[in-house]
Number of protein chains: 2
Amino acid sequence: MRRLLGGLEAGGTKFVCAVGTGPDDVRAEVRLATTTPARTIAEAIEFFAGQAKGTPLAALGIASFGPLDLDPRSPTFGSITTTPKPGWQHVDLTTPLRRALGVPVTVDTDVNGAALAEHRWGSGRGVGTLVYVTVGTGIGGGALVDGRPIHGLVHPEMGHVRVPHDRTRDPFDGTCPHHGDCWEGLASAPALAARWGREAEALPDDHPAWELEAHYLALGLTSVVLVLSPERIVLGGGVMTRMQLYPAVRRELAALIGGYLRTPALGAGIETYVVPPALGDRAGVLGALAIAGA
Amino acid sequence: MRRLLGGLEAGGTKFVCAVGTGPDDVRAEVRLATTTPARTIAEAIEFFAGQAKGTPLAALGIASFGPLDLDPRSPTFGSITTTPKPGWQHVDLTTPLRRALGVPVTVDTDVNGAALAEHRWGSGRGVGTLVYVTVGTGIGGGALVDGRPIHGLVHPEMGHVRVPHDRTRDPFDGTCPHHGDCWEGLASAPALAARWGREAEALPDDHPAWELEAHYLALGLTSVVLVLSPERIVLGGGVMTRMQLYPAVRRELAALIGGYLRTPALGAGIETYVVPPALGDRAGVLGALAIAGA
């Protein structure tokens, strides 16, 4: 029998709490609005404590927005650090949950969690060196090497890589409050909305926005491929529900790298190199279960 | 007693062969000109076979120029793939050495080898997630995660990441035959020479070349930091013998990332975050010994 686990997807607008063992066995789930840390964390504890009365939990995983302090030697290990979300700077998610529930608590970034979940149950099965990139309100990336999430100094923050920005083609300044025209500043959903004057969802499929979007997505992925050499990239998030982006991103990525790295993955095999997620918007909470050790 | 190992640094102009156990115990070493594959490999075999007559070798490591095929499932595993060096495309280095010497042979990129050597004996001791970047004839990067070199799809090829290129400030087109103004195309030693009309070595310390060089080096390192999150970066190669570059690169890198990732390593601690190599031009052959398992 598999161990019963708790998973907490801690997001900027909602906390999704679940108990189960994996995608086919989620036994209970609740969505909580992200209000104040004290209140939201108390509500999460209440849910997990109630569930544990039936079958005790073996462990809890937290897949959180960030940036996070993931250095086990740090006194603030497991805390959110510099988020712009009011009230949530320097909030320690792990200690109150560990104390209240009396189980091991593991925390990681939401995108490292999503990478783990796609690796375990989704589009990254059998792929040890895997990157998960989400393109939505922001751009974030998680990465596994040999099946394990990487942390290093902090954790990957791929959305803020710099990409070439041809202001003749695209005079838009970018939306990132820190960096202006970094990858996220040029290619997130808010960047699309600010550049074109309407929400990304409202842009028709034949709008020139999408060609430019594919160009920027491929430029950022070029850095991901050349620095980390992933065996596959799972590309998800709200913007990527526009399926026409996949062939366009693949084509540009192959052109940007191709000729130099002659590998089938960047040629005839690119359709299985840059792929949509299999878990969709379940990657967050399933990522939390995966972080717990599912 | 430590095992006696062979190390082969396979470079585009020379092959350096050594036997020993580490930097303080290199018992014999020879430098061979890189001519034809058949001749150069035969000379390397002759050296190692001669040395092994005294004390048998336990293993051989090869730190090679590339790109390399490092996929153990590939029929061309261990071969050089698309190098521009005439005659060296698709050359299998490992099989002839393994057959002739009858020892396990492990091959990796020269920069992964240098990262391993700096980790074991140099500026990266105790740092599990380490990047080694060399800036010289080209720009190359190797990376360790949890002390092990990463390969993934191929291996890192950091020199070819794209960086923002402000043609008003710097109208130079770049020297990369594949990508023009990628990182290597803008910031390698040949790029410096082509942009300024004289060899990098001949540019005085107060030449504006160095400020621009530090700018590009920091831009490329931004991608490295945000994608891989290394705990330290060892920055070496011929161009980095110009020591004034270190403070300038550190300053720009902190400015490019700082404010977003608030970690001491990118603030007050940046002097120990971007560091010179300790092994200098010995990183190649010592890297080969480290690859062998020293």
# chains A, B, ... in the order shown; residues from 1 in each chain; ligands from 1
>>> select_by_dssp(residues="stretch 137-292 of chain B", states="strand (DSSP E or B)", output="PyMOL selection string")
chain B and resi 139-145+148-149+162+176+180+182+232-236+274-275
>>> closest_atom_pairs(of="chain B", to="chain A", cutoff="9 Å", atoms="only C-alpha atoms", output="JSON lines")
{"residue": "B:Pro67", "atom": "CA", "partner": "A:Leu261", "partner_atom": "CA", "distance": 7.4}
{"residue": "B:Thr81", "atom": "CA", "partner": "A:Arg262", "partner_atom": "CA", "distance": 7.9}
{"residue": "B:Thr82", "atom": "CA", "partner": "A:Tyr260", "partner_atom": "CA", "distance": 7.1}
{"residue": "B:Thr83", "atom": "CA", "partner": "A:Tyr260", "partner_atom": "CA", "distance": 8.8}
{"residue": "B:Gly128", "atom": "CA", "partner": "A:Gly152", "partner_atom": "CA", "distance": 7.7}
{"residue": "B:Thr129", "atom": "CA", "partner": "A:Gly152", "partner_atom": "CA", "distance": 5.4}
{"residue": "B:Leu130", "atom": "CA", "partner": "A:Gly152", "partner_atom": "CA", "distance": 8.3}
{"residue": "B:Gly141", "atom": "CA", "partner": "A:Val227", "partner_atom": "CA", "distance": 7.9}
{"residue": "B:Gly142", "atom": "CA", "partner": "A:Val227", "partner_atom": "CA", "distance": 8.7}
{"residue": "B:Ala143", "atom": "CA", "partner": "A:Leu228", "partner_atom": "CA", "distance": 8.3}
{"residue": "B:Val145", "atom": "CA", "partner": "A:Ile150", "partner_atom": "CA", "distance": 7.5}
{"residue": "B:Asp146", "atom": "CA", "partner": "A:Gly152", "partner_atom": "CA", "distance": 8.4}
{"residue": "B:Ile150", "atom": "CA", "partner": "A:Val145", "partner_atom": "CA", "distance": 7.5}
{"residue": "B:His151", "atom": "CA", "partner": "A:Ser229", "partner_atom": "CA", "distance": 6.5}
{"residue": "B:Gly152", "atom": "CA", "partner": "A:Pro230", "partner_atom": "CA", "distance": 5.1}
{"residue": "B:Leu153", "atom": "CA", "partner": "A:Glu231", "partner_atom": "CA", "distance": 4.3}
{"residue": "B:Val154", "atom": "CA", "partner": "A:Ser229", "partner_atom": "CA", "distance": 6.1}
{"residue": "B:His155", "atom": "CA", "partner": "A:Ser229", "partner_atom": "CA", "distance": 5.5}
{"residue": "B:Pro156", "atom": "CA", "partner": "A:Val227", "partner_atom": "CA", "distance": 5.0}
{"residue": "B:Glu157", "atom": "CA", "partner": "A:Leu226", "partner_atom": "CA", "distance": 4.8}
{"residue": "B:Met158", "atom": "CA", "partner": "A:Val227", "partner_atom": "CA", "distance": 4.9}
{"residue": "B:Gly159", "atom": "CA", "partner": "A:Leu226", "partner_atom": "CA", "distance": 7.9}
{"residue": "B:His160", "atom": "CA", "partner": "A:Leu226", "partner_atom": "CA", "distance": 6.9}
{"residue": "B:Val161", "atom": "CA", "partner": "A:Ser223", "partner_atom": "CA", "distance": 5.1}
{"residue": "B:Arg162", "atom": "CA", "partner": "A:Val163", "partner_atom": "CA", "distance": 6.5}
{"residue": "B:Val163", "atom": "CA", "partner": "A:Pro164", "partner_atom": "CA", "distance": 5.6}
{"residue": "B:Pro164", "atom": "CA", "partner": "A:Pro164", "partner_atom": "CA", "distance": 3.9}
{"residue": "B:His165", "atom": "CA", "partner": "A:Pro164", "partner_atom": "CA", "distance": 6.4}
{"residue": "B:Asp166", "atom": "CA", "partner": "A:Pro164", "partner_atom": "CA", "distance": 8.7}
{"residue": "B:His178", "atom": "CA", "partner": "A:Tyr260", "partner_atom": "CA", "distance": 6.6}
{"residue": "B:His179", "atom": "CA", "partner": "A:Leu256", "partner_atom": "CA", "distance": 7.5}
{"residue": "B:Leu219", "atom": "CA", "partner": "A:Arg162", "partner_atom": "CA", "distance": 7.3}
{"residue": "B:Gly220", "atom": "CA", "partner": "A:Arg162", "partner_atom": "CA", "distance": 8.5}
{"residue": "B:Thr222", "atom": "CA", "partner": "A:Val161", "partner_atom": "CA", "distance": 6.4}
{"residue": "B:Ser223", "atom": "CA", "partner": "A:Val161", "partner_atom": "CA", "distance": 5.1}
{"residue": "B:Val224", "atom": "CA", "partner": "A:Val227", "partner_atom": "CA", "distance": 6.1}
{"residue": "B:Val225", "atom": "CA", "partner": "A:Pro156", "partner_atom": "CA", "distance": 7.6}
{"residue": "B:Leu226", "atom": "CA", "partner": "A:Glu157", "partner_atom": "CA", "distance": 4.8}
{"residue": "B:Val227", "atom": "CA", "partner": "A:Met158", "partner_atom": "CA", "distance": 5.0}
{"residue": "B:Leu228", "atom": "CA", "partner": "A:Pro156", "partner_atom": "CA", "distance": 5.7}
{"residue": "B:Ser229", "atom": "CA", "partner": "A:Gly152", "partner_atom": "CA", "distance": 5.2}
{"residue": "B:Pro230", "atom": "CA", "partner": "A:Gly152", "partner_atom": "CA", "distance": 5.1}
{"residue": "B:Glu231", "atom": "CA", "partner": "A:Leu153", "partner_atom": "CA", "distance": 4.3}
{"residue": "B:Arg232", "atom": "CA", "partner": "A:Leu153", "partner_atom": "CA", "distance": 7.8}
{"residue": "B:Leu256", "atom": "CA", "partner": "A:His179", "partner_atom": "CA", "distance": 7.5}
{"residue": "B:Ile257", "atom": "CA", "partner": "A:His179", "partner_atom": "CA", "distance": 8.2}
{"residue": "B:Gly258", "atom": "CA", "partner": "A:His178", "partner_atom": "CA", "distance": 8.7}
{"residue": "B:Gly259", "atom": "CA", "partner": "A:His178", "partner_atom": "CA", "distance": 7.0}
{"residue": "B:Tyr260", "atom": "CA", "partner": "A:His178", "partner_atom": "CA", "distance": 6.6}
{"residue": "B:Leu261", "atom": "CA", "partner": "A:Pro67", "partner_atom": "CA", "distance": 7.4}
{"residue": "B:Arg262", "atom": "CA", "partner": "A:Thr82", "partner_atom": "CA", "distance": 7.1}
{"residue": "B:Thr263", "atom": "CA", "partner": "A:Val154", "partner_atom": "CA", "distance": 7.9}
{"residue": "B:Ala265", "atom": "CA", "partner": "A:Leu153", "partner_atom": "CA", "distance": 8.0}
>>> residues_around(residues="stretch 103-116 of chain A", least_positions_apart="5", cutoff="6 Å", atoms="only C-alpha atoms", output="CSV table (one decimal) with all heavy atoms, in the first residue's frame")
chain,number,residue,atom,x,y,z
A,59,ALA,N,3.8,12.2,5.1
A,59,ALA,CA,4.7,13.4,4.8
A,59,ALA,C,3.8,14.5,4.1
A,59,ALA,O,2.8,14.2,3.5
A,59,ALA,CB,5.9,13.0,3.9
A,60,LEU,N,4.3,15.7,4.1
A,60,LEU,CA,3.7,16.8,3.4
A,60,LEU,C,4.7,17.5,2.4
A,60,LEU,O,5.8,17.7,2.8
A,60,LEU,CB,3.2,17.8,4.4
A,60,LEU,CG,2.5,19.1,3.8
A,60,LEU,CD1,1.1,18.7,3.3
A,60,LEU,CD2,2.4,20.2,4.9
A,61,GLY,N,4.2,17.7,1.2
A,61,GLY,CA,5.0,18.5,0.3
A,61,GLY,C,4.4,19.8,0.0
A,61,GLY,O,3.1,19.9,-0.1
A,62,ILE,N,5.2,20.9,-0.1
A,62,ILE,CA,4.7,22.2,-0.4
A,62,ILE,C,5.4,22.6,-1.7
A,62,ILE,O,6.6,22.6,-1.9
A,62,ILE,CB,5.0,23.2,0.7
A,62,ILE,CG1,4.5,22.8,2.0
A,62,ILE,CG2,4.5,24.6,0.3
A,62,ILE,CD1,4.9,23.7,3.2
A,63,ALA,N,4.5,23.0,-2.7
A,63,ALA,CA,5.0,23.6,-4.0
A,63,ALA,C,4.6,25.0,-4.0
A,63,ALA,O,3.4,25.3,-4.1
A,63,ALA,CB,4.4,22.8,-5.2
A,64,SER,N,5.6,25.9,-3.8
A,64,SER,CA,5.2,27.3,-3.5
A,64,SER,C,5.7,28.3,-4.5
A,64,SER,O,6.7,28.0,-5.2
A,64,SER,CB,5.9,27.7,-2.1
A,64,SER,OG,5.6,29.0,-1.8
A,65,PHE,N,5.0,29.4,-4.6
A,65,PHE,CA,5.6,30.6,-5.3
A,65,PHE,C,6.8,31.0,-4.5
A,65,PHE,O,7.0,30.6,-3.4
A,65,PHE,CB,4.5,31.7,-5.5
A,65,PHE,CG,4.0,32.3,-4.2
A,65,PHE,CD1,4.4,33.7,-4.0
A,65,PHE,CD2,3.2,31.7,-3.3
A,65,PHE,CE1,3.9,34.3,-2.8
A,65,PHE,CE2,2.8,32.3,-2.1
A,65,PHE,CZ,3.1,33.7,-1.9
A,98,ARG,N,4.8,21.8,9.9
A,98,ARG,CA,5.5,20.7,10.5
A,98,ARG,C,5.1,20.5,11.9
A,98,ARG,O,4.8,19.4,12.4
A,98,ARG,CB,7.0,20.9,10.4
A,98,ARG,CG,7.8,19.7,10.9
A,98,ARG,CD,9.3,19.9,10.9
A,98,ARG,NE,9.9,20.2,9.6
A,98,ARG,CZ,10.5,21.4,9.3
A,98,ARG,NH1,10.5,22.4,10.2
A,98,ARG,NH2,11.0,21.5,8.1
A,132,TYR,N,10.8,22.2,-16.8
A,132,TYR,CA,9.4,22.6,-16.9
A,132,TYR,C,9.4,24.1,-16.9
A,132,TYR,O,9.9,24.7,-16.0
A,132,TYR,CB,8.6,22.0,-15.7
A,132,TYR,CG,7.1,22.5,-15.7
A,132,TYR,CD1,6.1,21.7,-16.3
A,132,TYR,CD2,6.8,23.7,-15.1
A,132,TYR,CE1,4.8,22.2,-16.3
A,132,TYR,CE2,5.5,24.1,-15.1
A,132,TYR,CZ,4.5,23.4,-15.7
A,132,TYR,OH,3.2,23.8,-15.7
A,141,GLY,N,10.7,28.6,-14.4
A,141,GLY,CA,11.2,27.3,-14.9
A,141,GLY,C,11.7,26.4,-13.7
A,141,GLY,O,12.3,27.0,-12.8
A,142,GLY,N,11.4,25.2,-13.7
A,142,GLY,CA,12.0,24.2,-12.8
A,142,GLY,C,12.8,23.2,-13.5
A,142,GLY,O,12.7,23.0,-14.7
A,143,ALA,N,13.7,22.5,-12.8
A,143,ALA,CA,14.6,21.6,-13.5
A,143,ALA,C,15.0,20.4,-12.7
A,143,ALA,O,15.2,20.6,-11.5
A,143,ALA,CB,15.9,22.3,-13.9
A,149,PRO,N,15.2,17.6,-8.3
A,149,PRO,CA,15.2,19.1,-8.6
A,149,PRO,C,16.5,19.7,-8.2
A,149,PRO,O,17.1,19.3,-7.3
A,149,PRO,CB,14.1,19.5,-7.6
A,149,PRO,CG,13.4,18.3,-7.1
A,149,PRO,CD,14.3,17.2,-7.2
A,283,ALA,N,-0.7,20.3,-12.4
A,283,ALA,CA,0.7,20.1,-12.1
A,283,ALA,C,1.1,20.7,-10.8
A,283,ALA,O,2.1,20.3,-10.1
A,283,ALA,CB,1.6,20.7,-13.2
A,284,GLY,N,0.4,21.8,-10.3
A,284,GLY,CA,0.8,22.4,-9.1
A,284,GLY,C,0.5,21.5,-7.9
A,284,GLY,O,1.5,21.2,-7.1
A,287,GLY,N,2.4,18.4,-8.1
A,287,GLY,CA,3.8,18.7,-7.8
A,287,GLY,C,4.0,18.6,-6.3
A,287,GLY,O,5.1,18.1,-5.9
A,288,ALA,N,3.1,19.2,-5.6
A,288,ALA,CA,3.3,19.2,-4.1
A,288,ALA,C,3.3,17.7,-3.6
A,288,ALA,O,4.1,17.4,-2.7
A,288,ALA,CB,2.1,20.0,-3.5
>>> residues_around(residues="stretch 13-17 of chain A", least_positions_apart="3", cutoff="6 Å", atoms="only C-alpha atoms", output="ChimeraX atom specification")
/A:7-10,29-34
>>> atom_distance(atom1="atom CA of B:Ala294", atom2="atom CA of B:Thr21")
5.7 Å
>>> select_by_dssp(residues="stretch 106-205 of chain A", states="helix (DSSP H, G or I)", output="PyMOL selection string")
chain A and resi 110-121+158-160+183-187+189-196+200-202
>>> decode(residues="stretch 8-37 of chain B", atoms="N, CA and C atoms", output="PDB file, in the first residue's frame")
ATOM      1  N   LEU B   8      44.001  12.412 -20.243  1.00  0.00           N
ATOM      2  CA  LEU B   8      44.287  12.929 -21.581  1.00  0.00           C
ATOM      3  C   LEU B   8      43.460  14.180 -21.819  1.00  0.00           C
ATOM      4  N   GLU B   9      44.140  15.309 -21.943  1.00  0.00           N
ATOM      5  CA  GLU B   9      43.479  16.544 -22.327  1.00  0.00           C
ATOM      6  C   GLU B   9      43.561  16.639 -23.838  1.00  0.00           C
ATOM      7  N   ALA B  10      42.440  16.450 -24.504  1.00  0.00           N
ATOM      8  CA  ALA B  10      42.413  16.453 -25.974  1.00  0.00           C
ATOM      9  C   ALA B  10      41.971  17.829 -26.443  1.00  0.00           C
ATOM     10  N   GLY B  11      42.915  18.605 -26.955  1.00  0.00           N
ATOM     11  CA  GLY B  11      42.610  19.954 -27.407  1.00  0.00           C
ATOM     12  C   GLY B  11      42.818  20.106 -28.902  1.00  0.00           C
ATOM     13  N   GLY B  12      42.360  21.195 -29.435  1.00  0.00           N
ATOM     14  CA  GLY B  12      42.445  21.419 -30.872  1.00  0.00           C
ATOM     15  C   GLY B  12      43.863  21.638 -31.377  1.00  0.00           C
ATOM     16  N   THR B  13      44.768  22.090 -30.494  1.00  0.00           N
ATOM     17  CA  THR B  13      46.157  22.274 -30.941  1.00  0.00           C
ATOM     18  C   THR B  13      47.116  21.296 -30.287  1.00  0.00           C
ATOM     19  N   LYS B  14      46.771  20.802 -29.075  1.00  0.00           N
ATOM     20  CA  LYS B  14      47.664  19.836 -28.430  1.00  0.00           C
ATOM     21  C   LYS B  14      46.888  18.821 -27.609  1.00  0.00           C
ATOM     22  N   PHE B  15      47.485  17.644 -27.491  1.00  0.00           N
ATOM     23  CA  PHE B  15      47.015  16.611 -26.576  1.00  0.00           C
ATOM     24  C   PHE B  15      48.011  16.565 -25.422  1.00  0.00           C
ATOM     25  N   VAL B  16      47.534  16.767 -24.199  1.00  0.00           N
ATOM     26  CA  VAL B  16      48.403  16.644 -23.033  1.00  0.00           C
ATOM     27  C   VAL B  16      48.044  15.344 -22.320  1.00  0.00           C
ATOM     28  N   CYS B  17      49.039  14.478 -22.180  1.00  0.00           N
ATOM     29  CA  CYS B  17      48.824  13.176 -21.545  1.00  0.00           C
ATOM     30  C   CYS B  17      49.605  13.140 -20.241  1.00  0.00           C
ATOM     31  N   ALA B  18      48.967  12.655 -19.184  1.00  0.00           N
ATOM     32  CA  ALA B  18      49.646  12.578 -17.893  1.00  0.00           C
ATOM     33  C   ALA B  18      49.239  11.314 -17.169  1.00  0.00           C
ATOM     34  N   VAL B  19      50.132  10.846 -16.303  1.00  0.00           N
ATOM     35  CA  VAL B  19      49.752   9.797 -15.350  1.00  0.00           C
ATOM     36  C   VAL B  19      50.058  10.301 -13.959  1.00  0.00           C
ATOM     37  N   GLY B  20      49.187   9.956 -13.028  1.00  0.00           N
ATOM     38  CA  GLY B  20      49.342  10.429 -11.658  1.00  0.00           C
ATOM     39  C   GLY B  20      48.070  10.207 -10.888  1.00  0.00           C
ATOM     40  N   THR B  21      47.973  10.921  -9.760  1.00  0.00           N
ATOM     41  CA  THR B  21      46.779  10.779  -8.930  1.00  0.00           C
ATOM     42  C   THR B  21      46.137  12.126  -8.625  1.00  0.00           C
ATOM     43  N   GLY B  22      46.818  13.231  -8.977  1.00  0.00           N
ATOM     44  CA  GLY B  22      46.266  14.552  -8.680  1.00  0.00           C
ATOM     45  C   GLY B  22      47.331  15.610  -8.872  1.00  0.00           C
ATOM     46  N   PRO B  23      47.005  16.869  -8.544  1.00  0.00           N
ATOM     47  CA  PRO B  23      47.906  17.980  -8.850  1.00  0.00           C
ATOM     48  C   PRO B  23      49.282  17.854  -8.197  1.00  0.00           C
ATOM     49  N   ASP B  24      49.367  17.204  -7.044  1.00  0.00           N
ATOM     50  CA  ASP B  24      50.656  17.100  -6.364  1.00  0.00           C
ATOM     51  C   ASP B  24      51.388  15.815  -6.725  1.00  0.00           C
ATOM     52  N   ASP B  25      50.813  15.067  -7.614  1.00  0.00           N
ATOM     53  CA  ASP B  25      51.398  13.767  -7.932  1.00  0.00           C
ATOM     54  C   ASP B  25      51.152  13.436  -9.402  1.00  0.00           C
ATOM     55  N   VAL B  26      51.777  14.257 -10.274  1.00  0.00           N
ATOM     56  CA  VAL B  26      51.772  13.950 -11.708  1.00  0.00           C
ATOM     57  C   VAL B  26      53.138  13.347 -12.007  1.00  0.00           C
ATOM     58  N   ARG B  27      53.145  12.049 -12.327  1.00  0.00           N
ATOM     59  CA  ARG B  27      54.430  11.333 -12.405  1.00  0.00           C
ATOM     60  C   ARG B  27      55.090  11.425 -13.769  1.00  0.00           C
ATOM     61  N   ALA B  28      54.289  11.682 -14.792  1.00  0.00           N
ATOM     62  CA  ALA B  28      54.866  11.843 -16.128  1.00  0.00           C
ATOM     63  C   ALA B  28      53.860  12.595 -16.965  1.00  0.00           C
ATOM     64  N   GLU B  29      54.363  13.342 -17.919  1.00  0.00           N
ATOM     65  CA  GLU B  29      53.465  14.148 -18.745  1.00  0.00           C
ATOM     66  C   GLU B  29      54.118  14.389 -20.095  1.00  0.00           C
ATOM     67  N   VAL B  30      53.297  14.406 -21.133  1.00  0.00           N
ATOM     68  CA  VAL B  30      53.836  14.692 -22.466  1.00  0.00           C
ATOM     69  C   VAL B  30      52.819  15.540 -23.227  1.00  0.00           C
ATOM     70  N   ARG B  31      53.339  16.413 -24.093  1.00  0.00           N
ATOM     71  CA  ARG B  31      52.478  17.238 -24.939  1.00  0.00           C
ATOM     72  C   ARG B  31      52.660  16.812 -26.378  1.00  0.00           C
ATOM     73  N   LEU B  32      51.566  16.511 -27.045  1.00  0.00           N
ATOM     74  CA  LEU B  32      51.612  16.072 -28.430  1.00  0.00           C
ATOM     75  C   LEU B  32      50.863  17.085 -29.280  1.00  0.00           C
ATOM     76  N   ALA B  33      51.399  17.400 -30.456  1.00  0.00           N
ATOM     77  CA  ALA B  33      50.665  18.280 -31.367  1.00  0.00           C
ATOM     78  C   ALA B  33      49.446  17.535 -31.898  1.00  0.00           C
ATOM     79  N   THR B  34      48.325  18.238 -32.021  1.00  0.00           N
ATOM     80  CA  THR B  34      47.118  17.632 -32.584  1.00  0.00           C
ATOM     81  C   THR B  34      47.251  17.683 -34.108  1.00  0.00           C
ATOM     82  N   THR B  35      47.555  16.527 -34.691  1.00  0.00           N
ATOM     83  CA  THR B  35      47.712  16.474 -36.163  1.00  0.00           C
ATOM     84  C   THR B  35      46.514  15.715 -36.740  1.00  0.00           C
ATOM     85  N   THR B  36      46.736  14.510 -37.221  1.00  0.00           N
ATOM     86  CA  THR B  36      45.592  13.712 -37.675  1.00  0.00           C
ATOM     87  C   THR B  36      45.125  12.841 -36.512  1.00  0.00           C
ATOM     88  N   PRO B  37      43.856  12.462 -36.527  1.00  0.00           N
ATOM     89  CA  PRO B  37      43.371  11.592 -35.441  1.00  0.00           C
ATOM     90  C   PRO B  37      44.202  10.313 -35.318  1.00  0.00           C
TER      91      PRO B  37
END
